[in-house]
Each structure stands twice: as C-alpha cells, then as structure tokens.
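Here is the structure we will look at, set down as structure tokens.
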Amino acid sequence: MEKLKTPVVPLVKIHYQSKVKPSERKQIRTAQDVYDIMLAEEEMAQNIDYKELAFAIYLNQSSKVLSVMKLAEGGITSTEVDIRIALQGALLLNATSLIFIHNHPGGEVSPSPSDIQLTNNFKDAARLLNIRLVDHLIISSENYFSFVQKGMLE
C-alpha cells in the first residue's frame with residue numbers, strides 16, 4: 001500500500017513590529033502635514049520633478065502615521081497604481097485609514113480625469129474593508145492639491 005504524501009504548502013505569518021514608539025509617531029492634522037512628510041521622503045524628494053511616484057501613508061485610529069509605503073513608480077506622465085497592493089499594506093498594518101499621494105513632475109497639480117477616477121475607485125475599495133481614504137494629494141516641488149480641501153472627497 002502506497003503512503004500518501006502530505007502536500008507542501010506555503011505558510012503565511014503576519015507580524016508587525018514598529019521601532020517607533022506610539023507617543024513618537026507623527027500625527028496628521030492637515031494636508032500640509034502630509035505634504036511635509038512627502039517632501040522629506042527621500043525617494044520622492046529625489047524624483048519629484050523627474051518621474052511619477054505613488055505612495056500611501058497608513059494611519060491608526062488617532063491619525064498617527066504607522067508607515068509610508070511606495071506603491072508605484074512610473075514615467076514622466078503616468079504611473080500604474082494597484083489599489084490591492086495599497087489595501088494589503090493597510091490590512092497588514094491594521095491601519096484604519098490611509099492617504100494616497102502621487103506627484104506630477106511637470107508641476108501642475110490639478111487632477112486629471114484618471115486621477116479623479118482612481119480616487120473614487122480607491123475610496124470605494126477601501127470602504128469595503130472598513131478603511132477610510134482620508135485624502136488624495138497630488139504634489140509637486142512647489143505646491144499640492146488636496147481632494148479633501150477642494151471638496152472632492154467625502
């Protein structure tokens with residue numbers, strides 16, 4: 001009689017450990033706070049006028065930053081953002097909300113129709129997981145556009 005082999009399957013382990021004490025985490029109060037964080041983020045600072053990058057800032061219930069994660073890197077005029085990757089980060093961090101940020105290398109921060117559609121898709125997908133999209137900022141080296149400040153995100 002042949003012995004059945006137990007199949008080998010991947011094992012997923014989830015573990016979150018921060019080196020930043022909760023009392024030392026930056027709290028997000030305004031879009032300017034987000035803009036300042038992103039201008040200080042090394043990869044964004046080096047490429048803000050060169051190519052499009054997309055990031056997420058993950059927040060806890062107190063709007064304190066849990067993490068900043070690069071979501072995508074593109075070319076001069078666009079980048080492809082996979083919302084599933086952004087939400088995966090939120091779930092792994094136990095984030096209750098997130099802020100989506102991307103830059104426009106040309107300096108014009110007004111949203112394109114595809115930026116507006118992406119924001120709506122982001123908001124709807126996050127809502128299904130009980131995660132709130134706090135804002136979407138489009139940034140340049142000189143200024144930013146906040147969907148919340150312009151009344152385009154409820």
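By convention in this document, the chains of the structure tokens carry letters A, B, ... by their order, each chain's residues are numbered from 1, and ligands are numbered from 1 in the order they are shown.
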Leaving out Arg25 (chain A) and any residue of its chain fewer than 5 positions from it, which residues lie within 12 Å of it when counting only C-alpha atoms, given as a PyMOL selection string? chain A and resi 18-20+58-60+62-68
Excluding same-chain residues fewer than 3 positions from Ala56 (chain A), what lies within 10 Å of it counting only C-alpha atoms, as a list in words? Met38, Leu59, Ser67, Val68, Met69, Lys70, Leu71, Ala72, Ala86, Leu87, Gly89, Ala90, Leu98, Ile99, Phe100, Ile101, His102 and His136 of chain A
Would you put the residues from that selection into a file with all heavy atoms, as a compact mmCIF listing (two decimals), in the first residue's frame?
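Ended up saving to again.txt:
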```
# COMPACT_ATOMS: atom_id res chain seq x y z
N MET A 38 5.96 64.00 2.76
CA MET A 38 6.36 63.50 1.45
C MET A 38 7.57 64.25 0.89
O MET A 38 8.40 63.65 0.21
CB MET A 38 5.19 63.57 0.47
CG MET A 38 4.07 62.60 0.82
SD MET A 38 4.59 60.91 1.24
CE MET A 38 5.46 60.41 -0.23
N LEU A 59 -2.44 55.18 8.58
CA LEU A 59 -2.72 55.83 9.85
C LEU A 59 -3.47 54.90 10.81
O LEU A 59 -4.26 54.05 10.37
CB LEU A 59 -3.57 57.08 9.62
CG LEU A 59 -3.03 58.10 8.63
CD1 LEU A 59 -4.08 59.16 8.34
CD2 LEU A 59 -1.76 58.72 9.15
N SER A 67 3.06 53.96 8.88
CA SER A 67 4.08 53.68 7.87
C SER A 67 3.82 54.50 6.61
O SER A 67 2.70 54.95 6.37
CB SER A 67 4.05 52.18 7.51
OG SER A 67 5.07 51.85 6.62
N VAL A 68 4.87 54.66 5.83
CA VAL A 68 4.78 55.24 4.49
C VAL A 68 5.28 54.18 3.53
O VAL A 68 6.34 53.58 3.76
CB VAL A 68 5.66 56.51 4.36
CG1 VAL A 68 5.62 57.06 2.94
CG2 VAL A 68 5.22 57.56 5.37
N MET A 69 4.52 53.91 2.48
CA MET A 69 4.89 52.84 1.56
C MET A 69 4.78 53.32 0.11
O MET A 69 3.78 53.92 -0.27
CB MET A 69 3.97 51.64 1.74
CG MET A 69 4.32 50.45 0.86
SD MET A 69 3.32 49.01 1.32
CE MET A 69 2.34 48.83 -0.17
N LYS A 70 5.83 53.05 -0.66
CA LYS A 70 5.79 53.34 -2.09
C LYS A 70 4.90 52.29 -2.76
O LYS A 70 5.07 51.10 -2.55
CB LYS A 70 7.18 53.32 -2.71
CG LYS A 70 7.16 53.70 -4.19
CD LYS A 70 8.56 53.89 -4.73
CE LYS A 70 8.93 52.71 -5.56
NZ LYS A 70 10.21 52.87 -6.25
N LEU A 71 3.96 52.77 -3.56
CA LEU A 71 3.03 51.87 -4.25
C LEU A 71 3.41 51.65 -5.70
O LEU A 71 3.15 50.58 -6.25
CB LEU A 71 1.61 52.44 -4.20
CG LEU A 71 1.01 52.68 -2.83
CD1 LEU A 71 -0.34 53.37 -2.96
CD2 LEU A 71 0.89 51.38 -2.06
N ALA A 72 3.95 52.67 -6.34
CA ALA A 72 4.23 52.55 -7.77
C ALA A 72 5.24 53.59 -8.21
O ALA A 72 5.40 54.64 -7.58
CB ALA A 72 2.94 52.71 -8.57
N ALA A 86 -2.04 48.64 -2.15
CA ALA A 86 -2.22 49.67 -1.12
C ALA A 86 -3.06 49.16 0.03
O ALA A 86 -2.74 49.38 1.21
CB ALA A 86 -2.85 50.92 -1.73
N LEU A 87 -4.13 48.46 -0.29
CA LEU A 87 -5.01 47.96 0.76
C LEU A 87 -4.39 46.79 1.51
O LEU A 87 -4.63 46.61 2.70
CB LEU A 87 -6.37 47.60 0.17
CG LEU A 87 -7.15 48.81 -0.36
CD1 LEU A 87 -8.46 48.37 -0.99
CD2 LEU A 87 -7.39 49.84 0.72
N GLY A 89 -1.27 46.64 2.27
CA GLY A 89 -0.45 47.31 3.28
C GLY A 89 -1.27 47.76 4.47
O GLY A 89 -0.86 47.61 5.62
N ALA A 90 -2.44 48.32 4.20
CA ALA A 90 -3.31 48.78 5.29
C ALA A 90 -3.73 47.62 6.18
O ALA A 90 -3.74 47.74 7.41
CB ALA A 90 -4.53 49.48 4.70
N LEU A 98 -6.01 55.62 5.40
CA LEU A 98 -4.81 55.86 4.62
C LEU A 98 -4.98 57.12 3.79
O LEU A 98 -6.08 57.60 3.55
CB LEU A 98 -4.47 54.67 3.74
CG LEU A 98 -5.41 54.26 2.63
CD1 LEU A 98 -5.10 54.97 1.33
CD2 LEU A 98 -5.32 52.76 2.40
N ILE A 99 -3.84 57.64 3.37
CA ILE A 99 -3.80 58.81 2.49
C ILE A 99 -3.00 58.39 1.27
O ILE A 99 -1.94 57.78 1.39
CB ILE A 99 -3.13 60.00 3.19
CG1 ILE A 99 -3.91 60.38 4.45
CG2 ILE A 99 -3.02 61.19 2.23
CD1 ILE A 99 -3.20 61.34 5.36
N PHE A 100 -3.54 58.67 0.11
CA PHE A 100 -2.88 58.35 -1.15
C PHE A 100 -2.21 59.62 -1.67
O PHE A 100 -2.81 60.70 -1.63
CB PHE A 100 -3.90 57.82 -2.15
CG PHE A 100 -3.35 57.54 -3.52
CD1 PHE A 100 -2.32 56.64 -3.69
CD2 PHE A 100 -3.86 58.19 -4.63
CE1 PHE A 100 -1.80 56.40 -4.95
CE2 PHE A 100 -3.36 57.95 -5.88
CZ PHE A 100 -2.32 57.05 -6.05
N ILE A 101 -0.97 59.50 -2.12
CA ILE A 101 -0.21 60.64 -2.61
C ILE A 101 0.51 60.25 -3.89
O ILE A 101 1.07 59.17 -3.98
CB ILE A 101 0.88 61.09 -1.60
CG1 ILE A 101 0.30 61.32 -0.21
CG2 ILE A 101 1.62 62.32 -2.10
CD1 ILE A 101 0.53 60.19 0.73
N HIS A 102 0.47 61.14 -4.87
CA HIS A 102 1.34 60.96 -6.03
C HIS A 102 1.77 62.34 -6.52
O HIS A 102 1.17 63.35 -6.18
CB HIS A 102 0.69 60.11 -7.13
CG HIS A 102 -0.27 60.81 -8.01
ND1 HIS A 102 -1.58 61.10 -7.65
CD2 HIS A 102 -0.13 61.28 -9.27
CE1 HIS A 102 -2.20 61.71 -8.64
NE2 HIS A 102 -1.34 61.84 -9.65
N HIS A 136 -6.44 62.37 -0.90
CA HIS A 136 -5.55 62.08 -2.02
C HIS A 136 -4.87 63.39 -2.34
O HIS A 136 -5.55 64.38 -2.64
CB HIS A 136 -6.35 61.55 -3.22
CG HIS A 136 -5.53 61.36 -4.45
ND1 HIS A 136 -6.10 60.97 -5.64
CD2 HIS A 136 -4.21 61.50 -4.70
CE1 HIS A 136 -5.15 60.87 -6.57
NE2 HIS A 136 -4.00 61.20 -6.02
```
Compile the contact shell of Asn103 (chain A) as a list in words: residues with an atom at most 10 Å away, counting only C-alpha atoms, same-chain residues fewer than 5 positions apart removed.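 Close residues of Asn103 (chain A): Met38, Met44, Asn47, Ile48, Asp49, Tyr50, Lys51, Glu52, Leu53, Ala54, Phe55, Thr77, Ser78, Thr79, Glu108, Val109, Leu137, Ile138, Ile139, Ser140, Ser141, Tyr144 and Phe145 of chain A.
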Take CA of Gly151 (chain A) and CA of Asp115 (chain A) and report the distance between them in Å, one decimal. 14.8 Å
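Proximity ranking of A:Ile131, A:Glu80, A:Ile85, A:Ser146 relative to Ser114 (chain A) places A:Glu80 first, based on only C-alpha atoms.
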How many Å separate CA of Asn143 (chain A) from CA of Thr119 (chain A)?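 That distance, rounded to one decimal, is 19.2 Å.
In this structure, CA of Ile76 (chain A) sits 15.2 Å away from CA of Pro111 (chain A).
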What parts of region 99-150 of chain A does DSSP call strand (DSSP E or B)? I'd like the answer as an MDAnalysis selection string. chainID A and resid 99:103 132:139 144:146
Using only C-alpha atoms, which protein or nucleic acid residues come within 8 Å of Arg132 (chain A)? Drop anything in the same chain fewer than 3 positions from it, and give the result as number ranges by chain. A: 96-98, 123, 126-127
Under the rule that only C-alpha atoms are counted, which of A:Arg29, A:Arg84, A:Lys150, A:His104 is the nearest residue to Leu129 (chain A)?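 Nearest to Leu129 (chain A): A:Arg84.
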Region 28-107 of chain A: which residues are alpha helix (DSSP H) by DSSP, as an MDAnalysis selection string? chainID A and resid 31:40 42:47 83:93
